[in-house]
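Student: Contents of input.txt (compact mmCIF, C-alpha atoms):
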# COMPACT_ATOMS: atom_id res chain seq x y z
CA MET A 1 29.52 148.12 79.76
CA ILE A 2 27.35 145.64 81.63
CA PRO A 3 26.88 146.19 85.36
CA LYS A 4 28.78 143.85 87.63
CA THR A 5 26.79 141.44 89.76
CA ILE A 6 27.06 140.21 93.28
CA SER A 7 25.66 136.97 94.59
CA ASN A 8 23.47 136.49 97.61
CA GLU A 9 21.49 133.60 98.97
CA THR A 10 18.99 133.64 96.13
CA SER A 11 20.30 135.06 92.86
CA PRO A 12 22.90 137.38 91.30
CA ARG A 13 22.15 141.05 91.79
CA PRO A 14 23.34 143.79 89.43
CA ILE A 15 25.48 146.60 90.84
CA PHE A 16 25.10 150.06 89.31
CA ASP A 17 27.12 153.20 89.87
CA VAL A 18 23.92 155.21 90.34
CA ALA A 19 20.27 154.30 90.70
CA ILE A 20 17.88 157.10 89.76
CA ILE A 21 14.46 156.69 91.32
CA GLY A 22 11.98 158.60 89.18
CA GLY A 23 11.90 159.00 85.41
CA SER A 24 10.46 162.43 84.72
CA PHE A 25 12.21 165.73 83.99
CA ALA A 26 14.62 165.77 86.96
CA GLY A 27 15.47 162.07 86.90
CA LEU A 28 15.99 161.81 83.15
CA THR A 29 18.13 164.95 83.08
CA ALA A 30 20.32 163.56 85.87
CA ALA A 31 20.54 160.27 83.99
CA MET A 32 21.73 162.00 80.82
CA GLN A 33 24.68 163.61 82.63
CA LEU A 34 25.73 160.26 84.10
CA ALA A 35 25.23 158.38 80.84
CA ARG A 36 27.53 160.83 79.10
CA ALA A 37 30.05 160.27 81.90
CA ARG A 38 29.92 156.57 80.92
CA ARG A 39 28.60 155.43 84.28
CA ASN A 40 26.44 152.35 84.67
CA ILE A 41 23.08 153.68 85.77
CA CYS A 42 19.60 152.35 86.35
CA VAL A 43 16.53 154.57 86.02
CA ILE A 44 13.54 153.18 87.93
CA ASP A 45 10.18 154.71 87.11
CA ALA A 46 6.71 153.94 88.44
CA GLY A 47 5.05 155.57 85.43
CA LYS A 48 3.03 158.16 87.37
CA PRO A 49 4.78 161.52 86.92
CA ARG A 50 3.22 164.51 88.62
CA ASN A 51 2.70 166.28 85.30
CA ARG A 52 0.71 163.44 83.69
CA PHE A 53 -2.51 165.45 84.04
CA ALA A 54 -1.21 168.39 81.99
CA LEU A 55 -1.91 168.38 78.26
CA THR A 56 1.06 170.60 77.43
CA SER A 57 4.24 171.90 79.03
CA HIS A 58 5.17 175.56 78.70
CA GLY A 59 8.17 177.76 79.36
CA PHE A 60 10.62 174.90 78.76
CA LEU A 61 13.20 176.26 76.29
CA GLY A 62 12.87 174.59 72.89
CA LEU A 63 9.95 172.41 73.99
CA ASP A 64 7.18 174.95 74.55
CA GLY A 65 3.77 173.44 73.81
CA LYS A 66 4.94 169.82 73.83
CA SER A 67 3.09 167.41 76.08
CA PRO A 68 4.99 166.10 79.14
CA THR A 69 4.42 162.58 77.79
CA GLU A 70 6.03 163.48 74.46
CA ILE A 71 8.98 165.16 76.18
CA ARG A 72 9.62 162.12 78.37
CA LYS A 73 9.26 159.73 75.42
CA THR A 74 11.85 161.68 73.42
CA ALA A 75 14.18 161.95 76.42
CA ILE A 76 14.01 158.21 77.09
CA SER A 77 14.70 157.42 73.45
CA GLN A 78 17.78 159.65 73.49
CA LEU A 79 18.93 158.28 76.85
CA MET A 80 18.67 154.65 75.78
CA ALA A 81 21.12 155.33 72.94
CA TYR A 82 23.85 155.28 75.61
CA PRO A 83 25.07 151.73 76.29
CA THR A 84 25.49 152.13 80.06
CA VAL A 85 21.82 152.93 80.72
CA THR A 86 19.29 150.45 82.09
CA MET A 87 15.63 151.24 82.74
CA ARG A 88 13.29 149.42 85.06
CA ASP A 89 9.53 149.93 85.28
CA GLY A 90 8.03 149.72 88.73
CA LEU A 91 7.66 151.28 92.15
CA VAL A 92 10.58 151.20 94.56
CA SER A 93 9.11 149.64 97.67
CA HIS A 94 12.22 149.55 99.84
CA ALA A 95 15.78 150.87 100.00
CA GLU A 96 18.49 150.54 102.62
CA PRO A 97 22.27 150.71 103.00
CA HIS A 98 23.95 147.57 101.75
CA ALA A 99 25.20 145.45 104.64
CA GLY A 100 27.17 142.83 102.69
CA PRO A 101 30.90 142.23 103.31
CA TYR A 102 31.96 142.95 99.74
CA ASP A 103 34.07 146.09 100.11
CA SER A 104 34.21 149.29 102.11
CA ASP A 105 32.57 151.46 99.43
CA MET A 106 29.06 152.66 100.26
CA ARG A 107 26.24 150.82 98.53
CA PHE A 108 22.48 150.71 98.73
CA ASP A 109 20.05 147.86 98.14
CA ILE A 110 16.89 148.85 96.26
CA THR A 111 13.80 146.68 95.95
CA ILE A 112 11.49 147.20 92.98
CA GLU A 113 7.84 146.21 93.44
CA GLY A 114 8.75 143.95 96.33
CA SER A 115 10.58 141.50 94.04
CA GLU A 116 13.63 142.47 92.00
CA CYS A 117 16.55 143.88 93.95
CA ILE A 118 19.49 145.90 92.61
CA THR A 119 22.47 147.48 94.34
CA ALA A 120 23.85 150.94 93.61
CA ARG A 121 26.81 152.92 94.86
CA ARG A 122 24.82 156.16 94.76
CA ILE A 123 21.13 157.09 94.62
CA ILE A 124 19.36 160.08 93.08
CA LEU A 125 15.82 160.58 94.37
CA ALA A 126 13.67 162.21 91.68
CA THR A 127 10.30 160.90 92.80
CA GLY A 128 8.38 164.16 92.46
CA VAL A 129 5.47 164.81 94.78
CA ARG A 130 1.83 163.80 95.09
CA ASP A 131 -0.70 166.64 94.93
CA ILE A 132 -3.48 166.82 97.50
CA LEU A 133 -6.17 169.06 96.04
CA PRO A 134 -8.66 171.07 98.08
CA ASP A 135 -11.76 169.05 98.96
CA ILE A 136 -14.05 170.88 96.56
CA SER A 137 -16.50 169.21 94.19
CA GLY A 138 -15.23 169.25 90.59
CA MET A 139 -11.55 169.85 91.36
CA THR A 140 -10.03 166.47 90.54
CA GLU A 141 -11.50 166.01 87.07
CA ARG A 142 -10.25 169.46 85.99
CA TRP A 143 -6.74 169.25 87.43
CA GLY A 144 -4.08 170.19 84.90
CA VAL A 145 -6.58 171.64 82.42
CA THR A 146 -8.75 174.34 84.00
CA VAL A 147 -7.60 173.84 87.60
CA LEU A 148 -3.96 174.89 87.62
CA HIS A 149 -1.07 175.69 89.90
CA CYS A 150 1.72 177.62 88.17
CA PRO A 151 0.91 180.93 86.43
CA TYR A 152 4.19 180.81 84.53
CA CYS A 153 3.38 177.34 83.20
CA HIS A 154 -0.25 177.89 82.25
CA GLY A 155 -1.22 181.54 82.69
CA TYR A 156 -0.78 182.43 79.03
CA GLU A 157 -3.18 179.66 77.96
CA VAL A 158 -6.00 181.20 80.03
CA ARG A 159 -5.20 184.81 79.19
CA ASP A 160 -8.10 187.26 79.24
CA GLU A 161 -10.41 184.69 80.86
CA GLN A 162 -12.12 185.06 84.22
CA ILE A 163 -9.50 183.68 86.61
CA GLY A 164 -10.07 182.56 90.18
CA VAL A 165 -7.54 181.83 92.91
CA ILE A 166 -8.72 179.44 95.60
CA ALA A 167 -6.63 180.04 98.72
CA THR A 168 -5.09 177.07 100.51
CA MET A 169 -2.37 178.83 102.53
CA PRO A 170 -1.22 182.33 103.50
CA GLN A 171 1.02 182.49 100.40
CA SER A 172 -2.05 182.17 98.14
CA SER A 173 -2.38 185.96 98.15
CA HIS A 174 1.05 186.13 96.47
CA GLN A 175 -0.24 183.84 93.72
CA ALA A 176 -3.29 186.04 93.29
CA MET A 177 -1.15 189.17 92.98
CA MET A 178 0.58 187.76 89.90
CA LEU A 179 -2.46 186.65 87.95
CA PRO A 180 -3.94 189.98 86.78
CA ASP A 181 -1.10 190.06 84.22
CA TRP A 182 -3.01 187.24 82.49
CA GLY A 183 -6.64 188.11 83.16
CA PRO A 184 -9.25 189.58 85.54
CA THR A 185 -8.76 187.85 88.89
CA THR A 186 -10.94 186.98 91.86
CA TYR A 187 -9.25 185.88 95.08
CA PHE A 188 -11.33 183.38 97.06
CA THR A 189 -10.11 183.48 100.64
CA GLN A 190 -12.26 180.44 101.55
CA GLY A 191 -13.10 182.45 104.67
CA VAL A 192 -9.71 181.51 106.11
CA TYR A 193 -6.82 183.20 104.27
CA LEU A 194 -7.96 186.80 104.40
CA PRO A 195 -5.30 189.31 103.30
CA ASP A 196 -4.18 191.96 105.76
CA ASP A 197 -4.94 195.62 105.13
CA GLU A 198 -1.70 196.30 103.27
CA THR A 199 -2.13 193.30 100.98
CA SER A 200 -5.80 194.16 100.40
CA ALA A 201 -4.79 197.63 99.28
CA LYS A 202 -2.21 196.20 96.87
CA MET A 203 -4.79 193.77 95.51
CA ALA A 204 -7.18 196.65 94.92
CA GLN A 205 -4.47 198.47 92.96
CA ARG A 206 -4.09 195.32 90.81
CA GLY A 207 -7.83 195.17 90.21
CA ILE A 208 -8.29 191.92 92.15
CA THR A 209 -11.73 191.15 93.58
CA ILE A 210 -11.65 189.60 97.06
CA GLU A 211 -14.41 187.10 97.84
CA ASN A 212 -14.76 185.67 101.36
CA SER A 213 -17.62 183.22 100.77
CA PRO A 214 -15.93 179.82 100.17
CA VAL A 215 -16.04 178.04 96.83
CA VAL A 216 -17.93 174.75 97.35
CA ALA A 217 -18.19 173.45 93.77
CA LEU A 218 -16.82 173.93 90.27
CA LEU A 219 -19.48 173.94 87.55
CA GLY A 220 -19.59 172.96 83.88
CA THR A 221 -18.85 169.84 81.87
CA ALA A 222 -15.37 168.80 83.00
CA PRO A 223 -12.66 169.52 82.16
CA VAL A 224 -14.31 172.77 81.02
CA LEU A 225 -14.99 175.20 83.85
CA GLU A 226 -17.86 177.66 83.52
CA ALA A 227 -18.49 178.94 87.03
CA VAL A 228 -18.01 178.38 90.74
CA ARG A 229 -20.72 177.95 93.37
CA LEU A 230 -20.19 179.70 96.68
CA ALA A 231 -21.26 178.61 100.13
CA ASP A 232 -23.81 181.43 100.27
CA GLY A 233 -25.54 180.07 97.14
CA ARG A 234 -24.20 182.54 94.61
CA THR A 235 -22.71 181.45 91.29
CA LEU A 236 -19.83 183.40 89.74
CA PRO A 237 -18.52 183.01 86.17
CA ILE A 238 -14.96 181.65 86.38
CA THR A 239 -13.28 179.75 83.54
CA ALA A 240 -9.88 178.94 85.10
CA VAL A 241 -8.84 178.37 88.69
CA PHE A 242 -5.39 178.50 90.22
CA THR A 243 -4.71 176.92 93.58
CA GLY A 244 -1.80 175.67 95.65
CA PRO A 245 -2.32 171.99 96.47
CA LYS A 246 -0.71 170.47 99.50
CA VAL A 247 1.99 167.99 98.54
CA ALA A 248 3.25 164.71 99.96
CA MET A 249 6.02 162.29 99.07
CA PRO A 250 4.65 159.64 96.69
CA SER A 251 7.23 157.16 97.94
CA PRO A 252 8.53 156.31 101.44
CA VAL A 253 12.07 155.78 100.14
CA ALA A 254 13.59 159.09 101.29
CA GLY A 255 12.32 158.48 104.79
CA LEU A 256 13.47 154.86 104.80
CA LEU A 257 16.96 155.99 103.87
CA GLY A 258 17.01 158.56 106.68
CA CYS A 259 16.99 161.73 104.59
CA ALA A 260 16.02 164.90 106.45
CA PHE A 261 13.19 167.12 105.25
CA ASP A 262 12.51 170.84 105.23
CA ASP A 263 9.04 172.32 105.62
CA GLY A 264 7.69 174.24 102.64
CA PRO A 265 4.44 176.20 102.35
CA GLN A 266 2.79 173.28 100.54
CA GLY A 267 4.42 170.44 102.47
CA PRO A 268 7.74 168.73 103.18
CA PHE A 269 10.60 168.47 100.71
CA ILE A 270 13.93 166.64 100.89
CA LYS A 271 16.73 168.76 102.32
CA VAL A 272 19.72 169.08 99.95
CA ASP A 273 22.94 171.08 99.73
CA ALA A 274 24.32 173.03 96.76
CA SER A 275 25.30 169.81 94.98
CA GLN A 276 21.82 168.32 95.58
CA GLU A 277 23.21 165.86 98.13
CA THR A 278 20.83 164.99 100.95
CA THR A 279 21.77 164.70 104.61
CA VAL A 280 22.67 161.05 103.92
CA PRO A 281 26.05 160.73 102.18
CA GLY A 282 25.79 159.18 98.74
CA ILE A 283 22.12 160.03 98.29
CA PHE A 284 21.14 162.97 96.10
CA ALA A 285 17.72 164.41 95.32
CA ALA A 286 16.32 166.67 92.60
CA GLY A 287 13.08 168.04 91.22
CA ASP A 288 9.84 168.78 93.02
CA ALA A 289 10.68 166.28 95.78
CA ALA A 290 13.66 168.42 96.78
CA ALA A 291 12.43 171.99 96.35
CA ALA A 292 9.77 174.31 97.68
CA ARG A 293 9.30 175.90 94.24
CA HIS A 294 8.04 173.62 91.49
CA ASN A 295 8.70 174.11 87.80
CA ALA A 296 9.80 171.80 84.98
CA THR A 297 12.86 173.86 84.05
CA LEU A 298 13.94 174.14 87.69
CA ALA A 299 13.49 170.38 88.05
CA SER A 300 15.72 169.71 85.05
CA ALA A 301 18.33 172.17 86.31
CA ALA A 302 18.39 170.41 89.67
CA GLY A 303 18.69 167.10 87.83
CA ILE A 304 21.84 168.36 86.13
CA MET A 305 23.32 169.35 89.48
CA ALA A 306 22.39 166.00 91.04
CA GLY A 307 23.98 164.16 88.13
CA PHE A 308 27.15 166.21 88.49
CA GLY A 309 27.15 165.73 92.26
CA ALA A 310 26.65 161.97 92.13
CA HIS A 311 29.36 161.57 89.47
CA GLN A 312 31.91 163.64 91.32
CA SER A 313 31.18 161.87 94.61
CA LEU A 314 32.11 158.60 92.93
CA ILE A 315 35.45 160.13 91.91
CA PHE A 316 36.44 162.14 94.95
CA ALA A 317 34.96 160.11 97.82
Please rewrite the model in this file as structure tokens.
Tutor:
Amino acid sequence: MIPKTISNETSPRPIFDVAIIGGSFAGLTAAMQLARARRNICVIDAGKPRNRFALTSHGFLGLDGKSPTEIRKTAISQLMAYPTVTMRDGLVSHAEPHAGPYDSDMRFDITIEGSECITARRIILATGVRDILPDISGMTERWGVTVLHCPYCHGYEVRDEQIGVIATMPQSSHQAMMLPDWGPTTYFTQGVYLPDDETSAKMAQRGITIENSPVVALLGTAPVLEAVRLADGRTLPITAVFTGPKVAMPSPVAGLLGCAFDDGPQGPFIKVDASQETTVPGIFAAGDAAAARHNATLASAAGIMAGFGAHQSLIFA
């Protein structure tokens, strides 16, 4: 089926049942559910997924050790076998409720890269998030390789190495408590996020070293990490660092559409209900943009729910 079009003052505009903004794990999984429901959908992707810095993806059933790029490439190939799927490359620069006098059904106008405009009856936001790393020399060029976030995603690959945790928030001590299962761990409080007495005692039981002098630089030929330099001048051998980056929305679209946000320990995320619908009727969200906990499998699971939710809202509205 080919999407219907509507005319405006300039040119015909395609109408889709659902526009999915974001083409990584959550967005593509949502798209697959809708494609199989034979709905006309458009996946719009800016080509900058959050996981593009990671060489491999782990813990994803059946795909362990595959690169995120390879997983997306395979998923897109499978998705495009369905005749109702359209893909657009580009950044969504604007979105708003459709104000035209065509019918009473809700619709949204979506502008891609400030030029092409499409209309959709529903939207799924799967934009992911943008990581804001600690302002420490050597962090950026090691991100996704020896500077990591999720122990479940990458802990096994750095097993038995000297692991450091650079604190960025009170919850960083929780991250540090997990990591001794993979290797000897040093918790760098950065002089700010000192554990309380009870947590310190638990860390001692886990064999975690607590270091209060802040890390000021990562050393070695990137992306390899050999050591960290502390503010007091000392150098400690560390070969992998875990940290919790702050996160921000990479796109203003959720805010433009009026979606509400919740506050997570790393930053804001889009508020959704059990069907992944946001506070704006007809707009759904999935993946890292709509959750405080970030993981590829969780993102895909949320994508399934968003796909189901968007499809059923088209039927039962």
Student: With distances taken over only C-alpha atoms, which residue among A:Gly309, A:Gly233, A:Gly303, A:Gly183 lies nearest A:Phe25?
Tutor: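 With only C-alpha atoms as the atom set, the closest residue is A:Gly303.
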Student: Using only C-alpha atoms, which of A:Thr146, A:Thr86, A:Thr56, A:Thr111 sits nearest A:Val224?
Tutor: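 Going through A:Thr146, A:Thr86, A:Thr56, A:Thr111 one by one, the smallest distance to A:Val224 is for A:Thr146.
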Student: So, with only C-alpha atoms as the atoms that count, which of A:Met80, A:Leu218, A:Ala19, A:Ala201 lies closest to A:Gly138?
Tutor: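 Closest to A:Gly138 of all the choices is A:Leu218.
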Student: List every protein, DNA or RNA residue that has at least one atom no more than 10 Å from (1.0, 182.0, 88.0) in the file's coordinates, counting all atoms listed in the file, and write the result as a ChimeraX atom specification.
Tutor: /A:148-156,165,174-182,242-243
Student: Give me the residues near A:Ala274 as a VMD selection string, where near means some atom within 10 Å (using all atoms listed in the file) and where sequence neighbours in that chain fewer than 6 positions away do not count.
Tutor: chain A and resid 302 305 to 306 309
Student: Just want the 10 Å neighbourhood of stretch 31-33 of chain A, counted on only C-alpha atoms, with same-chain residues fewer than 6 positions away dropped. Output as a ChimeraX atom specification.
Tutor: /A:18-20,23,25,39-43,75-76,78-80,82,85,124,303-308,310-311
Student: Nearest to A:Ala254 among A:Gly27, A:Pro134, A:Gly62, A:Gly128, with distances taken over only C-alpha atoms: which residue is it?
Tutor: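 Nearest to A:Ala254: A:Gly128.
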Student: I need the residue nearest A:Leu230 from this list: A:Ile136, A:Ile15, A:Ala290, A:Ala260. Use all atoms listed in the file for the distance.
Tutor: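 Smallest distance to A:Leu230 is found for A:Ile136.
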Student: Using only C-alpha atoms, which of the listed residues (A:Ala291, A:Ala248, A:Ala240, A:Gly191) sits closest to A:Asp262?
Tutor: A:Ala291
Student: Rounded to one decimal place, report the atom CA of A:Cys259-atom CA of A:Asp17 distance in Å.
Tutor: 19.8 Å
